[in-house]
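Below: my_file.txt (compact mmCIF, C-alpha atoms)
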# COMPACT_ATOMS: atom_id res chain seq x y z
CA MET A 225 -1.56 -14.32 23.60
CA VAL A 226 -5.33 -14.70 23.18
CA ILE A 227 -7.47 -12.26 25.12
CA VAL A 228 -10.99 -13.44 25.98
CA PHE A 229 -13.35 -10.57 26.71
CA GLN A 230 -15.67 -11.37 29.62
CA THR A 231 -17.92 -8.36 29.00
CA LYS A 232 -18.03 -8.82 25.19
CA PRO A 233 -17.81 -5.18 24.06
CA SER A 234 -20.05 -4.42 21.08
CA ILE A 235 -19.55 -2.49 17.87
CA LEU A 236 -22.45 -0.06 18.18
CA ALA A 237 -21.91 1.87 14.98
CA ASN A 238 -19.61 1.74 11.98
CA GLY A 239 -18.66 3.95 9.07
CA ALA A 240 -16.53 3.73 5.94
CA VAL A 241 -15.66 6.41 3.39
CA ALA A 242 -13.58 6.04 0.24
CA GLY A 243 -12.03 7.97 -2.63
CA PRO A 244 -13.16 8.21 -6.27
CA LEU A 245 -11.17 5.24 -7.56
CA GLU A 246 -12.80 3.02 -4.94
CA LYS A 247 -16.03 3.12 -6.96
CA LYS A 248 -14.38 0.20 -8.74
CA SER A 249 -14.37 -1.77 -5.51
CA VAL A 250 -16.65 -4.77 -5.16
CA PHE A 251 -17.43 -3.41 -1.68
CA TYR A 252 -18.43 0.01 -3.05
CA SER A 253 -22.13 -0.36 -2.24
CA TYR A 254 -21.35 -0.92 1.45
CA PHE A 255 -19.42 2.33 1.91
CA ASP A 256 -21.26 5.23 3.54
CA SER A 257 -19.73 7.89 1.36
CA ILE A 258 -17.54 8.28 -1.72
CA VAL A 259 -15.80 11.58 -2.33
CA GLU A 260 -15.24 12.66 -5.93
CA ASP A 261 -12.01 14.47 -5.11
CA GLU A 262 -9.18 12.28 -3.84
CA ARG A 263 -7.87 15.24 -1.81
CA TRP A 264 -11.28 15.81 -0.23
CA ASN A 265 -11.21 19.33 -1.70
CA GLN A 266 -8.15 20.18 0.39
CA LYS A 267 -4.87 21.64 -0.80
CA THR A 268 -2.70 18.60 -0.20
CA ASN A 269 -3.13 14.84 -0.20
CA GLU A 270 -2.23 14.73 3.49
CA GLN A 271 -4.88 17.31 4.37
CA GLY A 272 -7.36 15.28 2.33
CA HIS A 273 -6.25 12.18 4.24
CA SER A 274 -7.02 13.94 7.52
CA LYS A 275 -10.38 15.19 6.25
CA MET A 276 -11.31 11.66 5.21
CA ILE A 277 -10.63 10.38 8.76
CA LEU A 278 -12.77 13.17 10.21
CA GLU A 279 -15.61 12.41 7.82
CA ALA A 280 -15.57 8.69 8.66
CA CYS A 281 -15.59 9.43 12.41
CA GLU A 282 -18.41 11.93 12.01
CA ILE A 283 -20.48 9.35 10.13
CA VAL A 284 -19.93 6.88 12.98
CA MET A 285 -20.99 9.44 15.61
CA LYS A 286 -23.97 10.56 13.54
CA LYS A 287 -25.21 6.97 13.14
CA ALA A 288 -25.02 6.50 16.92
CA ASP A 289 -26.60 9.91 17.44
CA ILE A 290 -23.78 11.12 19.69
CA LYS A 291 -21.37 14.06 19.74
CA ASN A 292 -17.60 14.07 20.07
CA THR A 293 -17.95 15.01 23.75
CA ASP A 294 -19.80 11.71 24.35
CA VAL A 295 -16.79 9.70 23.14
CA ASP A 296 -14.16 8.76 25.73
CA TYR A 297 -11.31 7.70 23.47
CA PHE A 298 -10.21 7.95 19.87
CA LEU A 299 -7.84 5.12 18.89
CA SER A 300 -6.44 5.19 15.42
CA GLY A 301 -3.44 5.34 13.14
CA ASP A 302 -2.32 5.67 9.53
CA LEU A 303 0.81 5.03 7.45
CA VAL A 304 2.22 8.52 6.96
CA ASN A 305 5.36 9.49 8.94
CA GLN A 306 4.46 10.36 12.52
CA MET A 307 0.80 9.68 11.56
CA THR A 308 0.09 13.37 11.05
CA PRO A 309 -3.22 12.84 9.19
CA THR A 310 -4.64 10.98 12.21
CA ASN A 311 -3.02 13.38 14.71
CA PHE A 312 -4.52 16.38 12.91
CA ALA A 313 -7.93 14.69 12.71
CA ALA A 314 -7.68 14.00 16.47
CA ARG A 315 -6.99 17.69 17.03
CA ASP A 316 -10.25 18.57 15.30
CA LEU A 317 -12.21 15.75 16.94
CA ALA A 318 -11.04 16.88 20.40
CA ILE A 319 -11.45 13.39 21.86
CA PRO A 320 -8.69 11.93 24.13
CA PHE A 321 -6.46 10.14 21.67
CA ILE A 322 -3.70 7.57 21.47
CA GLY A 323 -2.05 7.08 18.07
CA LEU A 324 -1.44 3.44 17.26
CA PHE A 325 0.92 2.10 14.64
CA SER A 326 0.65 -1.50 13.50
CA ALA A 327 0.93 -0.50 9.82
CA CYS A 328 -2.08 -1.99 7.96
CA ALA A 329 -3.00 -4.08 11.02
CA THR A 330 -4.01 -0.89 12.88
CA SER A 331 -7.59 -1.51 11.74
CA ILE A 332 -7.65 -4.38 14.25
CA SER A 333 -5.13 -3.31 16.93
CA SER A 334 -7.22 -0.13 17.48
CA ILE A 335 -10.35 -2.21 18.11
CA ILE A 336 -8.42 -4.47 20.50
CA VAL A 337 -7.28 -1.46 22.56
CA ALA A 338 -10.80 0.00 22.50
CA SER A 339 -12.26 -3.33 23.65
CA LEU A 340 -9.71 -3.56 26.48
CA LEU A 341 -10.56 -0.04 27.66
CA THR A 342 -14.25 -0.94 27.53
CA GLU A 343 -13.69 -4.19 29.44
CA LEU A 344 -11.71 -2.27 32.04
CA GLY A 345 -14.63 0.11 32.49
CA ALA A 346 -12.47 3.08 31.52
CA SER A 347 -14.41 3.69 28.33
CA GLN A 348 -18.15 3.86 27.69
CA LEU A 349 -17.72 4.72 24.03
CA SER A 350 -14.55 4.68 21.91
CA VAL A 351 -14.06 5.37 18.23
CA ALA A 352 -11.43 3.07 16.70
CA GLY A 353 -10.22 2.33 13.21
CA ALA A 354 -7.66 3.16 10.54
CA SER A 355 -7.24 4.74 7.13
CA SER A 356 -4.95 5.23 4.15
CA GLN A 357 -4.85 7.69 1.25
CA HIS A 358 -3.24 6.38 -1.93
CA ASN A 359 -1.15 9.39 -2.98
CA ALA A 360 0.09 10.22 0.51
CA ILE A 361 1.18 6.61 1.12
CA GLU A 362 2.78 6.13 -2.30
CA ARG A 363 4.85 9.23 -1.67
CA GLN A 364 5.73 8.00 1.81
CA PHE A 365 6.83 4.51 0.87
CA ARG A 366 7.64 4.47 -2.83
CA TYR A 367 8.15 7.25 -5.36
CA PRO A 368 6.78 10.73 -6.00
CA ASN A 369 3.27 10.44 -7.43
CA TYR A 370 4.13 11.94 -10.82
CA TYR A 371 7.26 9.81 -11.25
CA GLY A 372 5.31 6.95 -12.78
CA GLY A 373 7.68 4.14 -11.80
CA GLN A 374 6.75 0.66 -13.02
CA LYS A 375 5.55 -1.88 -10.52
CA PRO A 376 5.87 -5.66 -10.77
CA ALA A 377 2.76 -7.89 -10.82
CA THR A 378 3.27 -8.79 -7.16
CA ALA A 379 2.80 -5.16 -6.07
CA GLN A 380 -0.46 -3.98 -4.53
CA TRP A 381 -2.49 -0.79 -4.82
CA THR A 382 -2.88 1.35 -1.70
CA VAL A 383 -6.55 2.06 -1.08
CA THR A 384 -7.95 5.52 -0.37
CA ALA A 385 -10.43 4.75 2.38
CA ALA A 386 -11.14 4.98 6.09
CA GLY A 387 -13.11 2.63 8.30
CA TYR A 388 -14.12 3.32 11.88
CA ALA A 389 -16.20 1.60 14.55
CA LEU A 390 -17.80 2.74 17.78
CA VAL A 391 -16.90 0.31 20.56
CA GLY A 392 -19.09 0.29 23.68
CA LYS A 393 -20.61 -1.97 26.30
CA HIS A 394 -22.19 -5.23 25.28
CA ASN A 395 -25.48 -4.93 23.43
CA PRO A 396 -26.96 -8.15 22.01
CA GLU A 397 -28.36 -6.32 18.99
CA TYR A 398 -24.88 -5.54 17.73
CA PRO A 399 -21.79 -7.60 16.78
CA SER A 400 -19.55 -8.23 19.79
CA VAL A 401 -15.83 -8.65 20.25
CA VAL A 402 -15.48 -11.91 22.14
CA ALA A 403 -11.76 -12.57 21.78
CA ALA A 404 -8.61 -11.12 20.27
CA THR A 405 -5.08 -12.20 19.48
CA ILE A 406 -2.19 -9.79 19.51
CA GLY A 407 0.33 -11.08 16.98
CA LYS A 408 4.08 -11.51 17.22
CA VAL A 409 6.37 -9.79 14.76
CA VAL A 410 7.29 -12.42 12.19
CA ASP A 411 10.18 -12.08 9.75
CA TYR A 412 11.04 -14.70 7.12
CA GLY A 413 13.76 -12.49 5.66
CA ASP A 414 11.77 -11.12 2.73
CA THR A 415 13.34 -7.90 1.39
CA ASN A 416 11.10 -7.05 -1.58
CA PRO A 417 8.81 -4.08 -0.79
CA PHE A 418 6.84 -4.81 -3.98
CA HIS A 419 5.77 -8.18 -2.63
CA MET A 420 4.25 -7.36 0.76
CA GLY A 421 1.65 -10.13 0.56
CA GLY A 422 4.39 -12.74 0.58
CA ALA A 423 6.13 -11.10 3.52
CA MET A 424 2.90 -10.78 5.53
CA ALA A 425 1.37 -14.23 4.92
CA PRO A 426 3.51 -15.98 7.60
CA ALA A 427 2.40 -13.39 10.19
CA ALA A 428 -1.27 -14.08 9.35
CA PHE A 429 -0.62 -17.82 9.54
CA GLU A 430 1.00 -17.47 12.97
CA THR A 431 -1.80 -15.31 14.41
CA ILE A 432 -4.72 -17.33 13.00
CA THR A 433 -3.14 -20.64 14.06
CA THR A 434 -2.48 -19.31 17.58
CA HIS A 435 -6.00 -17.95 17.90
CA LEU A 436 -7.67 -21.19 16.79
CA LYS A 437 -5.38 -23.35 18.94
CA GLN A 438 -5.76 -21.35 22.15
CA ARG A 439 -9.51 -20.95 21.63
CA ASN A 440 -9.73 -24.66 20.83
CA GLN A 441 -11.50 -23.91 17.56
CA LYS A 442 -11.35 -25.11 13.96
CA PHE A 443 -11.93 -23.31 10.67
CA HIS A 444 -15.50 -24.66 10.60
CA ASP A 445 -16.35 -22.85 13.83
CA TYR A 446 -16.36 -19.68 11.74
CA ASP A 447 -18.53 -18.44 8.90
CA LEU A 448 -15.56 -16.46 7.64
CA ILE A 449 -11.90 -15.92 8.39
CA MET A 450 -10.80 -12.76 6.64
CA THR A 451 -7.27 -11.40 6.40
CA GLY A 452 -6.59 -7.73 5.68
CA ASP A 453 -4.43 -6.98 2.68
CA LEU A 454 -2.41 -10.01 1.65
CA GLY A 455 -3.56 -9.56 -1.93
CA LYS A 456 -4.07 -12.36 -4.45
CA ILE A 457 -0.55 -13.77 -4.23
CA GLY A 458 -0.22 -13.40 -0.47
CA LEU A 459 -3.56 -15.19 0.02
CA GLN A 460 -2.33 -18.09 -2.12
CA ILE A 461 0.83 -18.31 -0.01
CA LEU A 462 -1.25 -18.32 3.19
CA LYS A 463 -3.52 -21.06 1.79
CA THR A 464 -0.47 -23.11 0.88
CA MET A 465 0.85 -22.74 4.43
CA PHE A 466 -2.50 -23.93 5.83
CA VAL A 467 -2.59 -26.90 3.42
CA GLN A 468 0.89 -27.89 4.58
CA SER A 469 -0.32 -27.71 8.18
CA GLY A 470 -3.13 -30.14 7.42
CA ILE A 471 -6.12 -27.88 6.74
CA LYS A 472 -8.55 -29.38 4.22
CA GLN A 473 -9.51 -27.70 0.94
CA ASP A 474 -13.19 -27.27 1.91
CA GLU A 475 -12.13 -25.48 5.10
CA LEU A 476 -9.94 -23.12 3.08
CA GLN A 477 -13.04 -21.77 1.34
CA LEU A 478 -13.80 -19.98 4.61
CA LEU A 479 -10.56 -18.04 4.24
CA ARG A 480 -10.87 -14.77 2.32
CA ASP A 481 -8.76 -11.63 2.01
CA ALA A 482 -10.12 -8.08 1.82
CA GLY A 483 -7.20 -6.88 -0.34
CA ALA A 484 -7.49 -9.74 -2.83
CA GLU A 485 -11.20 -9.06 -3.38
CA PHE A 486 -11.28 -5.27 -3.07
CA TYR A 487 -10.86 -4.28 -6.73
CA GLY A 488 -12.24 -7.51 -8.21
CA GLU A 489 -10.33 -8.96 -11.13
CA ASP A 490 -9.14 -5.63 -12.55
CA GLN A 491 -5.53 -6.19 -13.63
CA ALA A 492 -4.68 -2.50 -13.28
CA PHE A 493 -4.51 -3.10 -9.54
CA LEU A 494 -1.92 -5.87 -9.93
CA ALA A 495 -2.00 -8.28 -6.96
CA GLY A 496 -4.90 -6.44 -5.28
CA ALA A 497 -5.45 -3.76 -2.70
CA SER A 498 -3.45 -2.81 0.38
CA GLY A 499 -3.30 -0.14 3.04
CA ALA A 500 -4.73 0.32 6.50
CA GLY A 501 -7.87 1.73 4.87
CA CYS A 502 -8.39 -1.46 2.84
CA SER A 503 -9.11 -3.80 5.76
CA ALA A 504 -10.71 -1.03 7.87
CA ALA A 505 -13.20 -0.04 5.15
CA VAL A 506 -14.15 -3.64 4.37
CA TYR A 507 -14.39 -4.75 8.02
CA TYR A 508 -16.33 -1.72 9.24
CA SER A 509 -18.85 -1.70 6.42
CA TYR A 510 -19.38 -5.05 4.67
CA ILE A 511 -18.43 -7.39 7.54
CA ILE A 512 -20.40 -5.53 10.22
CA GLN A 513 -23.41 -5.35 7.91
CA GLN A 514 -23.24 -9.09 7.19
CA LEU A 515 -23.06 -9.80 10.94
CA LYS A 516 -26.02 -7.53 11.63
CA THR A 517 -28.17 -9.18 8.97
CA GLY A 518 -27.29 -12.56 10.44
CA ARG A 519 -25.51 -13.90 7.35
CA PHE A 520 -22.42 -14.36 9.50
CA LYS A 521 -22.64 -15.51 13.11
CA ARG A 522 -18.95 -15.73 13.93
CA VAL A 523 -16.04 -14.24 12.03
CA LEU A 524 -12.32 -13.96 12.61
CA LEU A 525 -10.79 -10.77 11.24
CA CYS A 526 -7.00 -10.87 10.95
CA ALA A 527 -5.37 -7.71 9.61
CA THR A 528 -1.75 -7.88 8.55
CA GLY A 529 0.85 -5.15 8.55
CA SER A 530 4.40 -4.86 7.23
CA LEU A 531 6.57 -2.90 9.61
CA LEU A 532 9.12 -1.44 7.23
CA SER A 533 10.19 2.10 6.45
CA PRO A 534 11.63 3.37 3.15
CA LEU A 535 14.96 3.85 4.95
CA SER A 536 15.00 0.35 6.48
CA PHE A 537 14.57 -1.36 3.12
CA GLN A 538 17.10 0.91 1.39
CA GLN A 539 19.56 -0.13 4.07
CA GLY A 540 18.90 -3.75 3.10
CA GLU A 541 16.85 -4.71 6.16
CA SER A 542 14.23 -7.43 5.76
CA ILE A 543 10.52 -6.69 6.21
CA PRO A 544 9.17 -7.67 9.65
CA CYS A 545 5.41 -8.23 9.64
CA THR A 546 2.64 -8.56 12.16
CA ALA A 547 -0.99 -9.64 12.28
CA HIS A 548 -3.66 -8.96 14.87
CA ALA A 549 -7.01 -10.70 15.05
CA ILE A 550 -10.43 -10.19 16.61
CA GLU A 551 -13.25 -12.69 16.88
CA LEU A 552 -16.66 -11.12 16.32
CA THR A 553 -19.96 -12.81 17.04
CA MET A 554 -23.61 -11.97 16.52
CA GLU A 555 -26.12 -13.44 18.93
CA MET B 260 15.46 0.64 -48.42
CA ILE B 261 13.73 2.85 -45.84
CA PHE B 262 11.67 0.01 -44.38
CA MET B 263 14.87 -1.82 -43.36
CA ASP B 264 16.07 1.36 -41.56
CA PHE B 265 12.86 1.41 -39.54
CA LEU B 266 13.11 -2.28 -38.79
CA ILE B 267 16.74 -2.12 -37.62
CA ALA B 268 16.02 0.99 -35.50
CA PHE B 269 13.03 -0.80 -33.94
CA VAL B 270 14.94 -4.01 -33.21
CA VAL B 271 18.07 -2.32 -31.80
CA GLY B 272 16.09 0.22 -29.72
CA GLY B 273 13.78 -2.57 -28.60
CA ILE B 274 16.68 -4.75 -27.47
CA ILE B 275 18.14 -1.91 -25.38
CA CYS B 276 14.74 -1.34 -23.74
CA LEU B 277 14.31 -5.10 -23.23
CA ILE B 278 17.64 -5.18 -21.36
CA GLY B 279 16.37 -2.33 -19.14
CA GLN B 280 13.09 -4.18 -18.49
CA LEU B 281 14.94 -7.39 -17.61
CA ILE B 282 17.19 -5.50 -15.19
CA MET B 283 14.07 -4.13 -13.46
CA ASP B 284 12.17 -7.42 -13.44
CA PHE B 285 14.92 -9.81 -12.41
CA GLY B 286 17.57 -7.61 -10.84
CA LYS B 287 15.19 -6.32 -8.13
CA LEU B 288 16.54 -2.85 -8.88
CA THR B 289 14.67 0.43 -8.84
CA PRO B 290 14.01 2.49 -12.00
CA GLY B 291 16.78 4.83 -10.77
CA HIS B 292 19.32 2.00 -10.65
CA THR B 293 18.26 0.79 -14.10
CA LEU B 294 18.63 4.25 -15.60
CA SER B 295 22.12 4.66 -14.13
CA ILE B 296 23.24 1.22 -15.33
CA LEU B 297 22.14 2.03 -18.89
CA VAL B 298 23.85 5.45 -18.90
CA VAL B 299 27.12 4.00 -17.57
CA SER B 300 26.92 1.09 -20.05
CA GLY B 301 26.46 3.51 -22.96
CA SER B 302 29.39 5.56 -21.72
CA ILE B 303 31.70 2.54 -21.46
CA LEU B 304 30.66 1.15 -24.86
CA SER B 305 31.31 4.59 -26.33
CA GLY B 306 34.77 4.72 -24.74
CA LEU B 307 35.56 1.34 -26.29
CA GLY B 308 34.44 2.71 -29.67
CA LEU B 309 31.44 0.37 -29.87
CA TYR B 310 28.49 2.76 -29.55
CA GLN B 311 29.13 4.89 -32.69
CA PRO B 312 28.92 1.82 -34.99
CA LEU B 313 25.59 1.00 -33.32
CA ILE B 314 24.30 4.50 -34.14
CA ASP B 315 25.57 4.16 -37.71
CA LEU B 316 23.65 0.91 -37.98
CA ALA B 317 20.40 1.71 -36.16
CA GLY B 318 20.11 5.52 -36.13
CA ALA B 319 17.34 6.59 -33.77
CA GLY B 320 17.17 3.04 -32.43
CA ALA B 321 20.47 3.78 -30.68
CA THR B 322 20.23 7.56 -30.13
CA ILE B 323 16.81 7.67 -28.43
CA PRO B 324 17.43 5.23 -25.52
CA ILE B 325 19.19 6.63 -22.45
CA THR B 326 22.40 4.72 -23.32
CA SER B 327 23.02 7.41 -25.93
CA PHE B 328 23.29 9.96 -23.10
CA GLY B 329 26.26 8.00 -21.75
CA HIS B 330 27.70 7.94 -25.27
CA SER B 331 27.38 11.74 -25.51
CA LEU B 332 29.08 12.23 -22.14
CA THR B 333 32.07 10.18 -23.24
CA GLN B 334 32.32 11.72 -26.71
CA GLY B 335 32.08 15.24 -25.22
CA ALA B 336 34.88 14.44 -22.80
CA PHE B 337 37.08 13.05 -25.61
CA ALA B 338 36.47 16.02 -27.92
CA GLU B 339 37.25 18.68 -25.32
CA ALA B 340 40.19 16.71 -23.94
CA GLU B 341 41.84 16.90 -27.37
CA LYS B 342 41.51 20.69 -27.38
CA HIS B 343 42.13 21.60 -23.72
CA GLY B 344 43.81 18.60 -22.11
CA TRP B 345 42.62 17.05 -18.86
CA VAL B 346 40.37 19.99 -17.89
CA GLY B 347 38.49 19.29 -21.11
CA VAL B 348 37.38 15.93 -19.73
CA LEU B 349 35.35 17.78 -17.12
CA THR B 350 34.08 20.63 -19.26
CA GLY B 351 33.45 18.45 -22.32
CA MET B 352 30.98 16.09 -20.68
CA PHE B 353 28.36 18.79 -20.45
CA GLU B 354 29.36 20.53 -23.68
CA VAL B 355 27.46 17.99 -25.77
CA THR B 356 24.81 16.98 -23.27
CA SER B 357 23.85 20.45 -22.06
CA SER B 358 20.96 20.76 -24.54
CA GLY B 359 19.40 17.57 -23.23
CA ILE B 360 19.79 18.56 -19.59
CA SER B 361 18.56 22.12 -20.18
CA ALA B 362 15.55 20.80 -22.14
CA ALA B 363 14.66 18.50 -19.22
CA ILE B 364 14.80 21.41 -16.77
CA VAL B 365 12.89 23.86 -19.00
CA PHE B 366 10.13 21.44 -20.01
CA GLY B 367 9.91 20.11 -16.46
CA PHE B 368 9.45 23.64 -15.20
CA ILE B 369 6.78 24.45 -17.80
CA ALA B 370 4.85 21.26 -17.04
CA ALA B 371 5.03 21.86 -13.28
CA PHE B 372 3.95 25.45 -13.80
CA ILE B 373 0.90 24.66 -15.92
CA PHE B 374 -0.39 21.35 -14.59
CA LYS B 375 -1.50 20.21 -11.18
CA PRO B 376 -0.36 16.66 -10.41
CA LYS B 377 -3.20 14.20 -9.93
CA GLY B 378 -3.53 10.56 -9.07
CA LYS B 379 -5.21 7.91 -11.15
CA VAL B 380 -8.95 8.48 -11.15
CA ASN B 381 -10.34 5.84 -13.47
Rendering of file as structure tokens:
Amino acid sequence: MVIVFQTKPSILANGAVAGPLEKKSVFYSYFDSIVEDERWNQKTNEQGHSKMILEACEIVMKKADIKNTDVDYFLSGDLVNQMTPTNFAARDLAIPFIGLFSACATSISSIIVASLLTELGASQLSVAGASSQHNAIERQFRYPNYYGGQKPATAQWTVTAAGYALVGKHNPEYPSVVAATIGKVVDYGDTNPFHMGGAMAPAAFETITTHLKQRNQKFHDYDLIMTGDLGKIGLQILKTMFVQSGIKQDELQLLRDAGAEFYGEDQAFLAGASGAGCSAAVYYSYIIQQLKTGRFKRVLLCATGSLLSPLSFQQGESIPCTAHAIELTME
Amino acid sequence: MIFMDFLIAFVVGGIICLIGQLIMDFGKLTPGHTLSILVVSGSILSGLGLYQPLIDLAGAGATIPITSFGHSLTQGAFAEAEKHGWVGVLTGMFEVTSSGISAAIVFGFIAAFIFKPKGKVN
């Protein structure tokens, strides 16, 4: 299941934008842009969602000093039905596009596909990433925004943010994708959509364990292993699973979760952040920056996604989850 | 003593709300399910003649929670059934509750007309 990239495609540019509430994020200072209006001055949340994707991609292209016509592929997805925000953004970007859905793990699956296209020689430059907009996703998966339904403490807060990366041929000055693991769909029979972290933790465990085993690595080979949006409770469950599998406490300090840290200790956000934009914005701002400055030399990014629909859980189906991982290094 | 009235209203109303909260927390049910359970419970208690004594005891503590809507449905059906027979069961339910339903529609409309829905911003 592990893919080892011989040509080591590099992440040549990165960009992250976020909504007004994300000023509360501990990663706020790493984002390229914060928009004061959660709808990005558009008429609907979904239009704002689309605009946010466009803005993030434009930042990426601007940083690399390229135009949309210089990009070979756009690989991305979101959480709205049929991924219309991303589809509409792709229409405006006018770059050959494949929509990808791995729920919140799209932040990584998109980079894996971009790296494969680069390795194949089919792509010189690809823009890949993912996003989520709080209101659009709440409406999609839970209740109307003005309904004000209570949430239990295990629930997470969908982030309004987008994170994108420009994947191209190997360049030693930039972080490189050296390996990737495409995860299985794991289902422990969890049926509670307000406790996604618990449902997703086994998928993260499976993918990280597989990656380390097949790469013949240990936790200490990394400066950081970061999951996507397990949240505070999901991260605890994952740590417990690793302890039971014989991982030592000091090694577990290398394991962090973007969703658990995103909003700090603010209780208003319950068990932490979630959404495809959560991992994407943290990975393609903070993580890339830390790799570039040399603070991290090797990181494993493992984004998790829960593959449910509102209909599937109303019909009593359990929540299948997945996790995809990439190994990034800085020379 | 008026203070005792307040206290009883608070305790009785609070217990009804506590039951609703427990249904949501431990029953893994949605707010919609919880609301329906409370309305049906109020209606059944009313049919058994148990809700009116609760109102006599606790006043607003029993009339404000949604269980009282179920009580009104049942009482409306009984009252009209006495006058018009079985058809009254159907017409009577909304006889008493129509003000509450109409108010929800009218105020909902006004709010939707004036305000633009927004997410949490701080």
Can you check which parts of chain B lie within 12 Å of chain A? Per residue, the shortest pair of atoms and distance in Å to one decimal, counting only C-alpha atoms, sorted by chain and number, as JSON lines.
{"residue": "B:Gly279", "atom": "CA", "partner": "A:Gln374", "partner_atom": "CA", "distance": 11.8}
{"residue": "B:Gln280", "atom": "CA", "partner": "A:Gln374", "partner_atom": "CA", "distance": 9.7}
{"residue": "B:Leu281", "atom": "CA", "partner": "A:Pro376", "partner_atom": "CA", "distance": 11.5}
{"residue": "B:Met283", "atom": "CA", "partner": "A:Gln374", "partner_atom": "CA", "distance": 8.8}
{"residue": "B:Asp284", "atom": "CA", "partner": "A:Pro376", "partner_atom": "CA", "distance": 7.1}
{"residue": "B:Phe285", "atom": "CA", "partner": "A:Pro376", "partner_atom": "CA", "distance": 10.1}
{"residue": "B:Gly286", "atom": "CA", "partner": "A:Asn416", "partner_atom": "CA", "distance": 11.3}
{"residue": "B:Lys287", "atom": "CA", "partner": "A:Asn416", "partner_atom": "CA", "distance": 7.8}
{"residue": "B:Leu288", "atom": "CA", "partner": "A:Asn416", "partner_atom": "CA", "distance": 10.0}
{"residue": "B:Thr289", "atom": "CA", "partner": "A:Gly373", "partner_atom": "CA", "distance": 8.4}
{"residue": "B:Pro290", "atom": "CA", "partner": "A:Gly373", "partner_atom": "CA", "distance": 6.5}
{"residue": "B:Gly291", "atom": "CA", "partner": "A:Gly373", "partner_atom": "CA", "distance": 9.2}
{"residue": "B:His292", "atom": "CA", "partner": "A:Gly373", "partner_atom": "CA", "distance": 11.9}
{"residue": "B:Thr293", "atom": "CA", "partner": "A:Gly373", "partner_atom": "CA", "distance": 11.3}
{"residue": "B:Leu294", "atom": "CA", "partner": "A:Gly373", "partner_atom": "CA", "distance": 11.6}
{"residue": "B:Gly367", "atom": "CA", "partner": "A:Tyr370", "partner_atom": "CA", "distance": 11.5}
{"residue": "B:Ala370", "atom": "CA", "partner": "A:Tyr370", "partner_atom": "CA", "distance": 11.2}
{"residue": "B:Ala371", "atom": "CA", "partner": "A:Tyr370", "partner_atom": "CA", "distance": 10.3}
{"residue": "B:Phe374", "atom": "CA", "partner": "A:Tyr370", "partner_atom": "CA", "distance": 11.1}
{"residue": "B:Lys375", "atom": "CA", "partner": "A:Tyr370", "partner_atom": "CA", "distance": 10.0}
{"residue": "B:Pro376", "atom": "CA", "partner": "A:Tyr370", "partner_atom": "CA", "distance": 6.5}
{"residue": "B:Lys377", "atom": "CA", "partner": "A:Tyr370", "partner_atom": "CA", "distance": 7.7}
{"residue": "B:Gly378", "atom": "CA", "partner": "A:Asn359", "partner_atom": "CA", "distance": 6.6}
{"residue": "B:Lys379", "atom": "CA", "partner": "A:Leu245", "partner_atom": "CA", "distance": 7.5}
{"residue": "B:Val380", "atom": "CA", "partner": "A:Leu245", "partner_atom": "CA", "distance": 5.3}
{"residue": "B:Asn381", "atom": "CA", "partner": "A:Leu245", "partner_atom": "CA", "distance": 6.0}
Atom pair atom CA of Phe337 of chain B / atom CA of Gln311 of chain B: separation (Å):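 According to the coordinates, atom CA of Phe337 of chain B and atom CA of Gln311 of chain B are separated by 13.4 Å.
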With 4 Å added on each side, what axis-aligned box encloses every listed atom of segment 413-416 of chain A? Give the centre and edge lengths in Å to one decimal, as AutoDock Vina command-line options.
--center_x 12.4 --center_y -9.8 --center_z 2.0 --size_x 10.7 --size_y 13.4 --size_z 15.2
Polymer residues at most 12 Å from segment 357-359 of chain B, only C-alpha atoms, same-chain spacing of 4 or more positions, as a list of chain:residue names: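 My list of contacting residues is B:Ile323, B:Ile325, B:Ser327, B:Phe328, B:Gly329, B:Ser331, B:Leu332, B:Gly335, B:Thr350, B:Gly351, B:Met352, B:Phe353, B:Ala363, B:Ile364, B:Val365, B:Phe366, B:Gly367.
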Polymer residues at most 12 Å from Ile261 of chain B, all atoms listed in the file, same-chain spacing of 5 or more positions, as a list in words: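 Once the adjacent positions are removed, what remains is Leu266, Ile267, Ala268, Ala317 and Gly318 of chain B.
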What would the file look like if the residues just selected were written as a compact mmCIF listing (two decimals), in the frame of the given file with C-alpha atoms?
# COMPACT_ATOMS: atom_id res chain seq x y z
CA LEU B 266 13.11 -2.28 -38.79
CA ILE B 267 16.74 -2.12 -37.62
CA ALA B 268 16.02 0.99 -35.50
CA ALA B 317 20.40 1.71 -36.16
CA GLY B 318 20.11 5.52 -36.13
Best match for closeness to Ile227 of chain A among A:Ile336, A:Leu349, A:Ala318, A:Cys328, counting all atoms listed in the file: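 Smallest distance to Ile227 of chain A is found for A:Ile336.
All residues of protein, DNA or RNA that reach within 6 Å of segment 350-353 of chain A, judged by only C-alpha atoms and not counting those fewer than 6 positions away in the chain, are Val295, Asp296, Tyr297, Phe298, Leu299, Ser300, Ser331, Ser334, Ile335, Gly387, Tyr388, Ala389, Leu390 and Val391 of chain A.
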Leaving out Ile277 of chain A and any residue of its chain fewer than 2 positions from it, which residues lie within 7 Å of it when counting all atoms listed in the file, given as a short mmCIF file (atom, residue, chain, number, x, y, z; two decimals) with C-alpha atoms, in the coordinates of the input?
data_model
loop_
_atom_site.label_atom_id
_atom_site.label_comp_id
_atom_site.auth_asym_id
_atom_site.auth_seq_id
_atom_site.Cartn_x
_atom_site.Cartn_y
_atom_site.Cartn_z
CA HIS A 273 -6.25 12.18 4.24
CA SER A 274 -7.02 13.94 7.52
CA LYS A 275 -10.38 15.19 6.25
CA GLU A 279 -15.61 12.41 7.82
CA ALA A 280 -15.57 8.69 8.66
CA CYS A 281 -15.59 9.43 12.41
CA THR A 310 -4.64 10.98 12.21
CA ALA A 313 -7.93 14.69 12.71
CA SER A 355 -7.24 4.74 7.13
CA ALA A 386 -11.14 4.98 6.09
#
